[in-house]
Structures are given as structure tokens and as C-alpha cells.
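Asker: One structure, pasted below without further comment.
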Amino acid sequence: MRLTVHELSEIEGYLQGMHLTEEAECMKRFIQHGSISTYDHVIRVVRLSYYLNRHFHLGAPDAELVRGAFLHDFYLYDWHENGYIGRFHGLHHPAVALENARRRYDLTPVECNIIESHMWPLTLFTAPKSRAALIVCLADKICSCGETVLYRNKKRARTIREKM
């Protein structure tokens with residue numbers, strides 16, 4: 001997937017500086033999948049969602065798609081830390097992310113649905129209700145799988161090297 005300089009500029013415009021905030025800096029310190037930070041993960045989801053929408057002419061509103069994709073994991077904690085939700089993180093973090101995002105930003109109903117439904121079908125009763133939410137849900141699954149597999153391969157290679 002390649003985005004043009006113009007497309008990357010459009011994405012930055014839609015984010016309206018939310019990628020430059022203290023919260024965004026905080027997301028850079030939390031690990032999402034393997035060695036990938038939450039910030040890097042949401043940026044990947046933003047770019048893939050935008051790409052899918054634009055290049056397959058899916059018709060979702062770009063601004064809401066990009067903002068919702070950036071905020072979909074706006075839960076602002078390290079779920080790997082002891083004492084947190086742990087194995088229930090996957091079920092609970094969309095609601096936490098939505099609550100945090102609502103406190104910080106004025107959200108449209110589409111953006112709210114993107115955030116709360118991105119873990120569907122795991123969160124059975126919060127399904128995507130718009131094209132944008134469905135695209136972000138799909139992009140999140142693609143990015144998450146890629147990040148997890150990439151990490152496992154790096155970890156496996158490191159283990160083999162250590163044994164030699």
C-alpha cells in the first residue's frame with residue numbers, strides 16, 4: 001500500500017493536530033502488538049482505512065474515517081501492566097477509548113461508532129453501523145494480524161540466533 005504525498009497531507013489535515021497532542025505522545029510509549037506502539041498501530045490503521053476507502057471507491061467520509069481510525073485505540077493505558085483488565089482488554093478498551101475521546105474531542109455519531117465497534121465481532125452487540133466503521137474494523141484486523149505475525153517472526157529469529 002502506497003499513499004501519495006498529497007494523500008498523506010490530506011490525512012494530516014483531517015487529523016487536525018490530534019496526532020501531535022500529549023495523548024498521542026503517551027500512545028507512543030504503550031505497546032499494542034508485539035513491539036508496535038499504540039500510536040504506530042493507529043497510524044497504520046488510519047493509512048490502511050484511508051487507502052481502502054479511496055482506492056476501492058467505498059464512499060465513506062474521509063474526515064470521519066481518519067479521525068475515528070486514529071481514536072479507535074485511544075484508551076491511554078498499558079494493557080500489559082499487572083493489575084489492569086488483562087485478558088478482558090479486548091472487550092473493554094473500545095468503551096474506554098470512546099470515553100477518553102469524547103472527553104477530549106467533539107465527535108460525530110459515525111466517529112463514535114467507529115471507536116466503539118472496531119473490535120466487532122468480539123464485541124458482539126456493538127457492530128459497525130456505517131461504511132467508515134466497517135472499513136476501520138477491517139483495517140484494524142489486517143494491521144493487528146500483520147503486527148502480531150511480524151513480531152512473532154522477529155522473536156523467533158532472535159531465539160534462534162541466541163541458541164547458536
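Here, A, B, ... name the chains of the C-alpha cells in the order displayed, residue numbers run from 1 inside each chain, and ligands are numbered from 1 in the same displayed order.
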Neighbours of segment 47-53 of chain A within 9 Å (only C-alpha atoms; same-chain residues fewer than 3 positions away dropped), as a PyMOL selection string?
Answerer: chain A and resi 1-3+7-8+11+42-44+56-62+65-66+69+131-132+135-140+142-143
Asker: Near Ile36 of chain A, within 9 Å and counting only C-alpha atoms, which residues show up once chain neighbours fewer than 4 positions away are dropped, as a list of chain:residue names?
Answerer: A:Lys28, A:Phe30, A:Ile31, A:Gln32, A:Asp40, A:His41, A:Glu147, A:Thr148, A:Tyr151
Asker: Suppose you want the space between atom CA of Leu71 of chain A and atom CA of Pro121 of chain A; what is it in Å?
Answerer: 18.8 Å
